[in-house]
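Structure file my_file23.txt with compact mmCIF, C-alpha atoms and all ligand atoms:
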```txt
# COMPACT_ATOMS: atom_id res chain seq x y z
CA MET A 1 0.00 0.00 0.00
CA SER A 2 1.40 3.42 -0.79
CA SER A 3 1.15 6.28 1.67
CA PRO A 4 -2.50 7.16 2.10
CA SER A 5 -3.84 10.62 2.64
CA ASN A 6 -7.12 11.56 4.17
CA SER A 7 -9.51 13.46 2.03
CA PRO A 8 -12.72 15.11 3.15
CA SER A 9 -15.80 13.05 2.30
CA LYS A 10 -18.09 14.66 -0.25
CA LYS A 11 -21.79 14.05 -0.45
CA PRO A 12 -22.27 11.57 -3.30
CA LYS A 13 -24.93 12.02 -5.97
CA THR A 14 -26.81 9.14 -7.55
CA VAL A 15 -26.69 9.02 -11.34
CA THR A 16 -28.16 6.68 -13.90
CA ASN A 17 -25.94 4.46 -16.06
CA ASP A 18 -26.40 6.77 -19.03
CA GLU A 19 -25.45 9.80 -16.99
CA PHE A 20 -22.40 7.93 -15.76
CA MET A 21 -21.27 7.17 -19.31
CA ALA A 22 -21.92 10.79 -20.27
CA LEU A 23 -19.72 11.92 -17.41
CA LEU A 24 -16.89 9.76 -18.65
CA ARG A 25 -17.13 11.44 -22.03
CA LEU A 26 -14.98 14.53 -22.04
CA PRO A 27 -16.46 17.72 -23.44
CA ASN A 28 -15.52 18.74 -27.00
CA SER A 29 -12.34 20.71 -27.17
CA SER A 30 -14.28 23.68 -28.54
CA ASP A 31 -16.38 24.07 -25.38
CA SER A 32 -13.76 23.02 -22.85
CA LYS A 33 -11.32 25.25 -21.08
CA PRO A 34 -7.72 24.44 -21.99
CA SER A 35 -6.44 24.39 -18.41
CA GLY A 36 -7.45 22.57 -15.23
CA PRO A 37 -8.87 19.07 -14.95
CA PRO A 38 -12.54 18.59 -15.82
CA LYS A 39 -14.71 18.64 -12.72
CA PHE A 40 -17.34 15.95 -12.30
CA PRO A 41 -19.56 15.29 -9.32
CA PRO A 42 -19.00 12.13 -7.28
CA LEU A 43 -21.05 9.15 -8.37
CA THR A 44 -22.93 6.54 -6.46
CA LEU A 45 -23.09 2.99 -7.72
CA THR A 46 -25.85 1.45 -5.69
CA THR A 47 -25.81 -2.22 -6.61
CA PRO A 48 -23.19 -4.93 -7.18
CA ASP A 49 -24.28 -4.99 -10.84
CA MET A 50 -23.48 -1.31 -11.25
CA VAL A 51 -20.14 -1.77 -9.51
CA ALA A 52 -19.27 -4.62 -11.87
CA LYS A 53 -20.35 -2.63 -14.90
CA HIS A 54 -18.40 0.53 -14.20
CA THR A 55 -15.33 -0.54 -12.25
CA PRO A 56 -12.81 -3.39 -12.26
CA CYS A 57 -14.41 -4.67 -9.02
CA THR A 58 -17.11 -7.15 -8.10
CA MET A 59 -19.05 -7.22 -4.83
CA HIS A 60 -20.30 -10.46 -3.30
CA LEU A 61 -22.69 -10.44 -0.36
CA SER A 62 -22.93 -12.98 2.45
CA VAL A 63 -20.19 -15.21 1.13
CA LEU A 64 -19.56 -17.06 4.42
CA PRO A 65 -22.02 -19.12 6.44
CA PRO A 66 -23.20 -16.82 9.29
CA GLU A 67 -21.65 -19.01 11.99
CA LEU A 68 -18.23 -18.86 10.30
CA ALA A 69 -18.53 -15.11 9.69
CA CYS A 70 -19.19 -14.55 13.41
CA ARG A 71 -16.41 -16.91 14.48
CA LEU A 72 -13.99 -15.10 12.17
CA PHE A 73 -15.13 -11.73 13.49
CA TYR A 74 -14.57 -12.76 17.14
CA SER A 75 -11.24 -14.32 16.29
CA MET A 76 -10.07 -11.12 14.57
CA ILE A 77 -11.30 -8.96 17.46
CA GLU A 78 -9.11 -11.01 19.79
CA GLU A 79 -6.15 -11.05 17.39
CA SER A 80 -6.38 -7.30 16.78
CA GLU A 81 -5.54 -6.45 20.38
CA SER A 82 -1.90 -6.69 19.28
CA TRP A 83 -2.20 -5.05 15.84
CA GLN A 84 -0.30 -1.82 15.27
CA ARG A 85 -0.78 1.43 13.38
CA ASN A 86 1.52 1.65 10.36
CA LYS A 87 4.00 4.50 10.50
CA TRP A 88 6.02 5.96 7.66
CA TRP A 89 7.88 9.10 6.70
CA LEU A 90 6.19 11.52 4.37
CA PHE A 91 8.61 14.27 3.39
CA ASP A 92 9.89 15.52 6.74
CA ARG A 93 7.41 14.01 9.17
CA VAL A 94 6.15 10.67 10.41
CA VAL A 95 2.57 9.85 9.60
CA GLU A 96 0.52 7.15 11.26
CA SER A 97 -2.35 5.21 9.72
CA PRO A 98 -5.73 6.08 11.24
CA HIS A 99 -6.52 2.40 11.88
CA ARG A 100 -4.71 -0.73 13.09
CA THR A 101 -3.31 -3.40 10.84
CA SER A 102 -1.47 -6.73 10.76
CA PHE A 103 -0.21 -9.33 8.32
CA TYR A 104 -0.76 -13.10 8.13
CA ILE A 105 0.59 -15.86 5.92
CA LYS A 106 -1.18 -19.05 5.01
CA GLN A 107 0.21 -22.28 6.36
CA ILE A 108 1.32 -24.10 3.23
CA SER A 109 2.19 -27.78 3.32
CA GLU A 110 5.80 -28.65 2.40
CA ASP A 111 4.97 -30.65 -0.75
CA ASP A 112 2.61 -28.00 -2.13
CA ASP A 113 4.90 -25.06 -1.46
CA GLY A 114 7.05 -24.42 -4.53
CA GLY A 115 8.37 -21.16 -3.13
CA MET A 116 5.00 -19.81 -1.95
CA ARG A 117 5.97 -19.81 1.69
CA GLY A 118 9.05 -17.73 1.01
CA ALA A 119 7.18 -15.32 -1.22
CA ALA A 120 4.46 -14.84 1.36
CA GLN A 121 6.90 -14.42 4.20
CA TYR A 122 8.97 -11.79 2.43
CA CYS A 123 5.87 -10.05 1.23
CA GLY A 124 4.80 -9.62 4.83
CA ASP A 125 8.28 -8.62 5.84
CA ARG A 126 8.23 -5.34 4.04
CA TYR A 127 4.54 -4.58 4.00
CA ASN A 128 4.20 -0.82 3.65
CA GLY A 129 7.95 -0.44 3.81
CA ARG A 130 7.85 -1.29 7.49
CA GLN A 131 9.96 -4.14 8.79
CA THR A 132 7.33 -6.29 10.43
CA ASP A 133 7.74 -9.18 12.82
CA LEU A 134 7.60 -12.56 11.13
CA PRO A 135 3.95 -12.80 10.07
CA THR A 136 1.82 -15.34 11.90
CA SER A 137 -0.19 -18.08 10.18
CA PHE A 138 -3.85 -17.66 9.26
CA PRO A 139 -5.95 -18.33 12.37
CA GLU A 140 -8.30 -21.31 11.92
CA ALA A 141 -11.42 -19.29 11.03
CA MET A 142 -9.43 -17.18 8.52
CA ALA A 143 -8.10 -20.33 6.84
CA GLU A 144 -11.69 -21.65 6.57
CA ALA A 145 -12.96 -18.35 5.16
CA CYS A 146 -10.06 -18.32 2.71
CA GLU A 147 -11.38 -21.49 1.05
CA TYR A 148 -14.69 -19.76 0.27
CA VAL A 149 -12.88 -16.66 -0.97
CA GLU A 150 -10.54 -18.64 -3.24
CA ARG A 151 -13.45 -20.46 -4.87
CA ILE A 152 -15.30 -17.20 -5.58
CA VAL A 153 -12.21 -15.38 -6.85
CA ASN A 154 -11.18 -18.19 -9.23
CA ALA A 155 -14.74 -18.49 -10.56
CA GLU A 156 -14.85 -14.71 -11.19
CA MET A 157 -11.42 -14.70 -12.81
CA ARG A 158 -12.47 -17.43 -15.24
CA LYS A 159 -15.18 -15.05 -16.54
CA ARG A 160 -12.82 -12.13 -17.13
CA PRO A 161 -10.28 -11.33 -19.80
CA ARG A 162 -6.71 -11.60 -18.56
CA PHE A 163 -3.94 -9.02 -18.87
CA PRO A 164 -0.61 -9.98 -20.47
CA LEU A 165 1.51 -9.54 -17.31
CA GLU A 166 -0.87 -11.39 -14.98
CA TRP A 167 0.38 -14.60 -13.42
CA GLY A 168 -0.09 -17.46 -15.89
CA GLY A 169 -1.01 -20.00 -13.22
CA GLU A 170 0.16 -23.47 -12.34
CA PRO A 171 -1.57 -26.81 -12.84
CA ALA A 172 -3.96 -27.83 -10.07
CA PRO A 173 -2.74 -30.88 -8.13
CA GLY A 174 -3.60 -33.95 -10.22
CA ALA A 175 -4.45 -32.01 -13.42
CA SER A 176 -3.20 -33.31 -16.76
CA PRO A 177 -0.49 -31.13 -18.24
CA GLY A 178 -1.65 -28.46 -20.68
CA GLU A 179 -5.25 -28.26 -19.46
CA ALA A 180 -5.69 -24.53 -19.12
CA ASP A 181 -9.02 -24.86 -17.28
CA ASP A 182 -7.31 -26.68 -14.46
CA LEU A 183 -4.71 -24.00 -13.89
CA VAL A 184 -4.78 -22.40 -10.45
CA VAL A 185 -4.40 -18.74 -11.28
CA TRP A 186 -5.02 -17.27 -7.86
CA ARG A 187 -4.66 -18.42 -4.32
CA ALA A 188 -4.47 -16.43 -1.13
CA ASN A 189 -1.12 -17.04 0.49
CA VAL A 190 -1.08 -13.83 2.54
CA ALA A 191 -3.66 -11.56 4.15
CA ALA A 192 -3.39 -7.99 5.38
CA SER A 193 -5.99 -7.35 8.06
CA ASN A 194 -7.37 -4.04 9.25
CA ARG A 195 -9.39 -2.97 12.26
CA TYR A 196 -11.39 0.27 12.27
CA GLU A 197 -12.86 1.33 15.60
CA GLY A 198 -15.71 3.84 15.77
CA SER A 199 -16.75 6.21 13.02
CA GLN A 200 -13.52 8.11 12.48
CA GLU A 201 -10.97 5.38 11.83
CA SER A 202 -10.29 5.19 8.13
CA VAL A 203 -7.73 4.72 5.40
CA GLY A 204 -6.99 7.45 2.86
CA PHE A 205 -6.83 7.09 -0.91
CA HIS A 206 -4.07 4.72 -1.96
CA THR A 207 -3.23 1.83 -4.24
CA ASP A 208 -1.89 -1.45 -2.92
CA GLN A 209 1.81 -2.17 -3.37
CA LEU A 210 2.56 -4.48 -6.28
CA THR A 211 6.10 -5.42 -5.25
CA ASN A 212 5.30 -9.05 -4.40
CA ILE A 213 1.84 -9.46 -5.92
CA GLY A 214 3.00 -8.24 -9.33
CA PRO A 215 1.28 -6.35 -12.15
CA PHE A 216 -2.50 -6.70 -12.62
CA ALA A 217 -2.97 -8.26 -9.22
CA THR A 218 -6.31 -9.54 -7.94
CA ILE A 219 -7.07 -8.65 -4.32
CA ALA A 220 -10.03 -10.03 -2.38
CA SER A 221 -11.19 -7.78 0.44
CA LEU A 222 -13.56 -9.31 3.00
CA SER A 223 -15.31 -6.98 5.45
CA LEU A 224 -17.17 -7.91 8.60
CA GLY A 225 -18.81 -6.02 11.40
CA ARG A 226 -19.82 -2.41 11.84
CA ALA A 227 -21.72 -0.84 8.99
CA SER A 228 -22.04 2.82 8.23
CA SER A 229 -25.40 4.43 8.18
CA CYS A 230 -26.94 6.38 5.38
CA ARG A 231 -30.36 7.35 4.12
CA PRO A 232 -30.17 7.52 0.35
CA SER A 233 -32.88 9.86 -0.81
CA VAL A 234 -34.05 7.51 -3.54
CA LEU A 235 -34.85 4.75 -1.11
CA ARG A 236 -37.26 4.69 1.75
CA GLY A 237 -36.28 3.63 5.21
CA ARG A 238 -32.98 3.17 6.84
CA PHE A 239 -30.28 1.07 5.24
CA GLU A 240 -27.09 -0.19 6.70
CA CYS A 241 -24.36 0.18 4.20
CA GLU A 242 -20.74 -0.49 3.72
CA ARG A 243 -18.93 2.28 1.90
CA LEU A 244 -15.96 1.78 -0.33
CA SER A 245 -14.75 4.71 -2.33
CA LEU A 246 -12.80 4.33 -5.50
CA ARG A 247 -11.22 7.21 -7.33
CA MET A 248 -9.71 6.97 -10.75
CA ARG A 249 -6.00 7.04 -10.34
CA ARG A 250 -3.94 10.12 -11.09
CA THR A 251 -6.74 11.95 -12.82
CA SER A 252 -9.26 13.99 -10.98
CA ALA A 253 -11.59 13.52 -13.93
CA VAL A 254 -13.79 10.92 -12.32
CA GLN A 255 -14.53 10.20 -8.72
CA GLY A 256 -16.81 7.31 -8.00
CA HIS A 257 -18.22 6.55 -4.59
CA ILE A 258 -19.46 3.03 -4.46
CA MET A 259 -22.15 2.47 -1.90
CA SER A 260 -23.67 -0.92 -1.63
CA HIS A 261 -26.59 -1.27 0.68
CA LEU A 262 -26.12 -4.20 2.95
CA HIS A 263 -28.05 -5.56 5.80
CA ILE A 264 -26.07 -5.27 8.99
CA THR A 265 -25.71 -9.02 9.56
CA ARG A 266 -24.17 -9.58 6.14
CA GLN A 267 -20.57 -9.59 5.13
CA VAL A 268 -19.20 -8.31 1.87
CA LEU A 269 -16.39 -9.53 -0.33
CA CYS A 270 -15.11 -6.87 -2.71
CA ILE A 271 -12.78 -8.29 -5.34
CA MET A 272 -10.45 -5.70 -6.84
CA HIS A 273 -9.72 -7.37 -10.15
CA ALA A 274 -6.71 -7.04 -12.44
CA SER A 275 -6.15 -3.39 -13.50
CA CYS A 276 -7.90 -1.95 -10.43
CA GLN A 277 -4.59 -0.98 -8.79
CA GLU A 278 -3.39 0.45 -12.09
CA THR A 279 -6.49 2.59 -12.67
CA PHE A 280 -8.15 3.38 -9.35
CA LYS A 281 -7.25 4.52 -5.89
CA HIS A 282 -9.39 3.27 -3.05
CA CYS A 283 -10.12 4.42 0.49
CA ILE A 284 -12.34 3.84 3.49
CA PRO A 285 -13.50 7.30 4.48
CA PRO A 286 -14.47 8.34 8.02
CA GLN A 287 -18.22 8.08 8.61
CA ARG A 288 -20.62 10.59 10.06
CA VAL A 289 -22.67 7.91 11.78
CA ILE A 290 -22.17 4.22 12.39
CA ASP A 291 -24.54 1.58 13.64
CA PRO A 292 -23.35 -0.85 16.25
CA PHE A 293 -22.94 -4.39 14.97
CA ARG A 294 -24.58 -7.26 16.83
CA PRO A 295 -23.30 -10.60 15.50
CA SER A 296 -25.96 -13.24 14.86
CA HIS A 297 -24.02 -15.85 16.86
CA PRO A 298 -22.66 -15.49 20.42
CA PRO A 299 -18.96 -15.14 21.19
CA PRO A 300 -17.21 -18.21 22.58
CA GLY A 301 -17.92 -18.75 26.27
CA LEU A 302 -20.95 -16.44 26.54
CA ALA A 303 -23.47 -17.72 29.10
CA PRO A 304 -26.83 -18.62 27.48
CA GLU A 305 -28.71 -15.96 29.47
CA GLU A 306 -26.26 -13.20 28.46
CA PRO A 307 -27.16 -10.97 25.47
CA ILE A 308 -24.83 -10.97 22.47
CA PRO A 309 -22.65 -7.85 22.77
CA THR A 310 -22.53 -5.11 20.11
CA PHE A 311 -19.40 -3.72 18.44
CA ASN A 312 -18.43 -0.47 16.74
CA THR A 313 -15.68 -2.30 14.92
CA ARG A 314 -15.14 -2.99 11.25
CA ILE A 315 -12.79 -5.86 10.42
CA ASN A 316 -11.34 -6.12 6.95
CA ILE A 317 -9.15 -8.90 5.59
CA THR A 318 -7.51 -8.43 2.19
CA PHE A 319 -6.50 -11.82 0.81
CA ARG A 320 -3.61 -11.52 -1.63
CA PHE A 321 -1.55 -13.82 -3.80
CA CYS A 322 2.21 -13.24 -3.51
CA ARG A 323 3.48 -14.52 -6.84
CA PRO A 324 6.39 -16.96 -6.85
CA ASP A 325 8.01 -14.94 -9.65
CA PHE A 326 7.90 -11.79 -7.46
CA HIS A 327 9.50 -13.49 -4.46
CA SER A 328 11.28 -10.87 -2.36
CA SER A 329 14.64 -12.51 -2.92
CA THR A 330 14.27 -11.27 -6.52
CA THR A 331 13.35 -7.67 -5.63
CA PRO A 332 16.06 -5.28 -6.83
CA LYS A 333 17.72 -3.13 -4.17
CA CYS A 334 18.29 0.59 -4.44
CA LYS A 335 21.55 2.40 -3.66
CA CYS A 336 20.49 2.59 0.00
CA GLY A 337 20.60 -1.23 -0.02
CA VAL A 338 16.85 -1.45 0.61
CA PRO A 339 14.42 -3.51 -1.55
CA CYS A 340 12.66 -1.31 -4.11
CA ILE A 341 8.93 -1.10 -4.65
CA LEU A 342 7.23 -1.79 -7.95
CA ARG A 343 5.21 1.03 -9.47
CA PRO A 344 3.17 1.13 -12.67
CA ASP A 345 4.37 3.74 -15.16
CA MET A 346 1.34 5.97 -15.29
CA LYS A 347 2.74 8.28 -17.96
CA ASN A 348 2.90 5.63 -20.63
CA ARG A 349 -0.35 3.83 -20.05
CA TYR A 350 -3.50 4.40 -21.98
CA ALA A 351 -5.59 6.62 -19.77
CA LEU A 352 -8.35 9.11 -19.66
CA PRO A 353 -6.33 12.28 -20.18
CA ASP A 354 -6.77 15.26 -17.99
CA ALA A 355 -5.57 18.69 -18.90
CA GLN A 356 -2.73 18.69 -16.38
CA ASP A 357 -1.05 15.48 -17.50
CA SER A 358 -1.97 14.80 -21.08
CA GLU A 359 -0.02 15.94 -24.07
CA LYS A 360 -3.18 15.52 -26.12
CA PRO A 361 -5.92 18.12 -26.17
CA PRO A 362 -8.97 16.99 -24.21
CA GLY A 363 -11.47 15.16 -26.39
CA GLU A 364 -8.92 13.58 -28.77
CA ASN A 365 -9.30 9.80 -28.97
CA HIS A 366 -10.63 9.79 -25.45
CA GLU A 367 -13.15 7.01 -26.08
CA GLU A 368 -10.43 4.63 -27.21
CA GLU A 369 -8.28 5.67 -24.28
CA ARG A 370 -11.05 5.15 -21.78
CA ILE A 371 -11.60 1.61 -23.04
CA ASN A 372 -7.90 0.87 -22.84
CA SER A 373 -7.28 2.63 -19.56
CA GLY A 374 -5.46 0.34 -17.17
CA ILE A 375 -3.28 -1.19 -19.87
CA VAL A 376 0.05 -0.41 -18.31
CA THR A 377 2.97 -1.84 -20.19
CA LYS A 378 5.84 -0.48 -18.17
CA TYR A 379 6.64 -0.77 -14.44
CA TRP A 380 9.46 0.82 -12.43
CA TRP A 381 11.46 -0.43 -9.50
CA THR A 382 11.94 2.62 -7.30
CA CYS A 383 13.65 3.46 -4.02
CA TYR A 384 11.32 3.28 -1.03
CA ALA A 385 13.92 3.69 1.69
CA GLY A 386 12.66 7.16 2.52
CA ALA A 387 9.40 5.80 3.95
CA GLN A 388 11.34 4.41 6.91
CA ASN A 389 14.58 6.39 6.80
CA GLU A 390 13.53 9.83 7.97
CA GLY A 391 12.28 10.61 4.50
CA LYS A 392 15.76 10.15 2.99
CA GLY A 393 15.97 7.97 -0.12
CA CYS A 394 18.35 7.75 -3.09
CA ASN A 395 15.88 8.40 -5.95
CA PHE A 396 16.97 5.13 -7.55
CA TRP A 397 14.73 3.80 -10.31
CA LYS A 398 14.94 1.27 -13.09
CA VAL A 399 12.47 -0.17 -15.56
CA MET A 400 11.28 -3.71 -14.77
CA ASP A 401 12.63 -6.02 -17.46
CA VAL A 402 10.61 -9.22 -17.06
CA LYS A 403 12.83 -11.26 -19.41
CA ALA A 404 16.12 -10.23 -17.85
CA GLU A 405 14.67 -10.65 -14.37
CA GLY A 406 13.34 -14.12 -15.26
CA ARG A 407 9.72 -13.44 -14.27
CA GLY A 408 6.60 -15.33 -15.38
CA PRO A 409 4.97 -17.43 -16.68
CA PHE A 410 2.53 -14.70 -17.66
CA ALA A 411 -1.08 -15.05 -18.74
CA GLU A 412 -0.13 -14.18 -22.33
CA GLU A 413 2.30 -17.14 -22.44
CA VAL A 414 -0.14 -19.74 -21.13
CA VAL A 415 -2.39 -21.30 -23.78
O1 LIG B 501 -10.50 -1.85 4.92
C1 LIG B 501 -10.66 -1.92 3.71
O2 LIG B 501 -11.73 -2.25 3.19
C2 LIG B 501 -9.51 -1.57 2.78
C3 LIG B 501 -8.15 -1.93 3.29
C4 LIG B 501 -7.08 -1.62 2.31
O3 LIG B 501 -7.28 -0.88 1.39
C5 LIG B 501 -5.73 -2.23 2.44
O4 LIG B 501 -5.47 -3.00 3.37
O5 LIG B 501 -4.90 -1.97 1.56
FE FE B 502 -5.74 -1.01 -0.08
```

In structure tokens, how does this file's structure come out?
Amino acid sequence: MSSPSNSPSKKPKTVTNDEFMALLRLPNSSDSKPSGPPKFPPLTLTTPDMVAKHTPCTMHLSVLPPELACRLFYSMIEESESWQRNKWWLFDRVVESPHRTSFYIKQISEDDDGGMRGAAQYCGDRYNGRQTDLPTSFPEAMAEACEYVERIVNAEMRKRPRFPLEWGGEPAPGASPGEADDLVVWRANVAASNRYEGSQESVGFHTDQLTNIGPFATIASLSLGRASSCRPSVLRGRFECERLSLRMRRTSAVQGHIMSHLHITRQVLCIMHASCQETFKHCIPPQRVIDPFRPSHPPPGLAPEEPIPTFNTRINITFRFCRPDFHSSTTPKCKCGVPCILRPDMKNRYALPDAQDSEKPPGENHEEERINSGIVTKYWWTCYAGAQNEGKGCNFWKVMDVKAEGRGPFAEEVV
């Protein structure tokens, strides 16, 4: 994850699909001002279908059996007593994340490993540029939940086009060689977990670090617990909702607030599919109001006559796949001697241009560019020492050369 910043929450406006598409269309150059990015109002996507249509994400409700969801929630509440706030240097000062976080790796059996354990371990080691303690294994309930998540993610991925630099996959145990359908293209070997207490804990706009998960990563983000409260004017009554904001990366041309209306006892899995990190930033904004969460099942050891307690806590677990070909032992080091981070080259991708960054006048070929946005072909290894070294880095950078660095197999190479 790169350094997040907090941004004030704006009141989102609901638009129809057609209005949304119209907003993405830039004005003609004749009626647009030559300077300053186009200003569009925030958008609200109110259903999983709308989210899937307009973003590289899918939302899946109630993916775990309620008993498992509650058990996982209680287990994470207990675990999170020892979680820490991330700290890093931003220019000349230390900033601290406005929520607590930790890192877990999946217990992988020796014969099934093939380098996964190492990749996962090193991935955790330098999460957010911070030297962490050796990550602990998935607690039992997390490992159980992970099986549900992996099934959903792989099923979704089979429906989607793949990007050339995505991981090509490896044969499932027992599969005959060359059967593409049996390739395992994604598995969760690490999980970053987050705890947000009360209405104000949050995470600012950021993209997740690609250093060990590689280009066009798929990230599965499972949320449990506290829901935020809102009263959308188009709907009657009170709805509990989970709010995830996505903002198109680098451009201020489009800002989409995704609000899915969820019943309080449900959980939500948001899959950020390939190209999401390359095209969108995401955040969890502070809330004005939250509703306490009362799990449907009691915590372990609660006496039968005792009421189930309520919580103001939101637990999030982002399941990630640390790719064997991005194992940390292969991460280039900068002149400070610190492993670099991998960044997409945003200048040379196809993107919706905005007046500040584009060499092209607004309106030129924008439709083609919008369709292709997210196709990044170049990535940089850059110095990240400054995040932990009083803001002092060496400005090292080099282009990732997948052939010379021996990475892959990639999706484009797998038939
Ligand atoms: O809590 C969430 O839903 C998002 C967490 C997140 O963005 C991260 O861990 O990188
Ligand atoms: Fe993130």

Padding 8 Å on each side, edges along x, y and z: where is the centre of the box around the listed atoms of ligand LIG 501 (chain B), and how long are its edges in Å to one decimal? Output it as JSON.
```
{"center_x": -8.3, "center_y": -1.9, "center_z": 3.2, "size_x": 22.8, "size_y": 18.1, "size_z": 19.5}
```

**OP:** Give the residues close to ligand FE 502 (chain B), within 9 Å, counting all atoms listed in the file; write them as a PyMOL selection string.
**Re:** chain A and resi 1-2+203+205-209+219+221+277+281-284+318

Original post:
Which value, in Å to one decimal, gives the distance between atom CA of A:Gly408 and atom CA of A:Tyr384?
Top reply: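 Separation between atom CA of A:Gly408 and atom CA of A:Tyr384: 24.0 Å.
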
Original post:
Suppose you want the space between atom CA of A:Glu412 and atom CA of A:Val184; what is it in Å?
Top reply: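 Distance between the two atoms: 15.2 Å.
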
Original post:
Taking into account all atoms listed in the file, which residue in the set A:Ile308, A:Leu68, A:Cys270, A:Cys146 is nearest to ligand LIG 501 (chain B)?
Top reply: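 Answer, going by the shortest atom-to-atom distance: A:Cys270.
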
**OP:** Would you please work out which residue, of A:Leu183, A:Ala220, A:Val95, A:Ala385, is nearest to ligand LIG 501 (chain B) when using all atoms listed in the file?
**Re:**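 Comparing A:Leu183, A:Ala220, A:Val95, A:Ala385 against ligand LIG 501 (chain B), the winner is A:Ala220.
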
Subject >> Gap from atom CA of A:Pro66 to atom CA of A:Cys322 - Å, one decimal >> reply: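 Spanning atom CA of A:Pro66 to atom CA of A:Cys322 is a straight-line distance of 28.7 Å.
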
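Each of A:Ala172, A:Met59, A:Cys340, A:Val185 was compared to ligand LIG 501 (chain B) using all atoms listed in the file, and A:Met59 turns out to be the nearest.
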
Subject >> Spatial neighbours of A:Trp83, 9 Å, only C-alpha atoms, chain gap at least 4 places, as number ranges by chain >> reply: A: 79, 100-103, 193-195

**OP:** Name the residues within 6 Å of (3.6, 0.3, -7.6), counting all atoms listed in the file in the file's coordinates, and put them as a list of chain:residue names.
**Re:**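 Residues with an atom close enough to that point: A:Gln209, A:Leu210, A:Leu342, A:Arg343, A:Pro344.
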
Original post:
Which residues, written as a list of chain:residue names, have at least one atom at most 12 Å from A:Glu67, with all atoms listed in the file counted and residues fewer than 6 positions away on the same chain left out?
Top reply: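 So the residues in contact are A:Phe73, A:Tyr74, A:Ala141, A:Glu144, A:Ala145, A:Thr265, A:Arg266, A:Gln267, A:Pro295, A:Ser296, A:His297, A:Pro298, A:Pro299, A:Pro300.
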
**OP:** Go through A:Ser275, A:Thr55, A:Gln388, A:Ser202 and flag the residue nearest ligand LIG 501 (chain B), using all atoms listed in the file for the distances.
**Re:** A:Ser202

Original post:
For ligand LIG 501 (chain B), which residue among A:Thr58, A:Thr47, A:Ser176, A:Ser223 is the nearest when counting only C-alpha atoms and all ligand atoms?
Top reply: A:Ser223

Original post:
From the set A:Thr330, A:Asn395, A:Ser97, A:Asn389, which residue has the shortest atom-to-atom contact distance to ligand LIG 501 (chain B), counting all atoms listed in the file?
Top reply: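 Ranking A:Thr330, A:Asn395, A:Ser97, A:Asn389 by distance to ligand LIG 501 (chain B), first place goes to A:Ser97.
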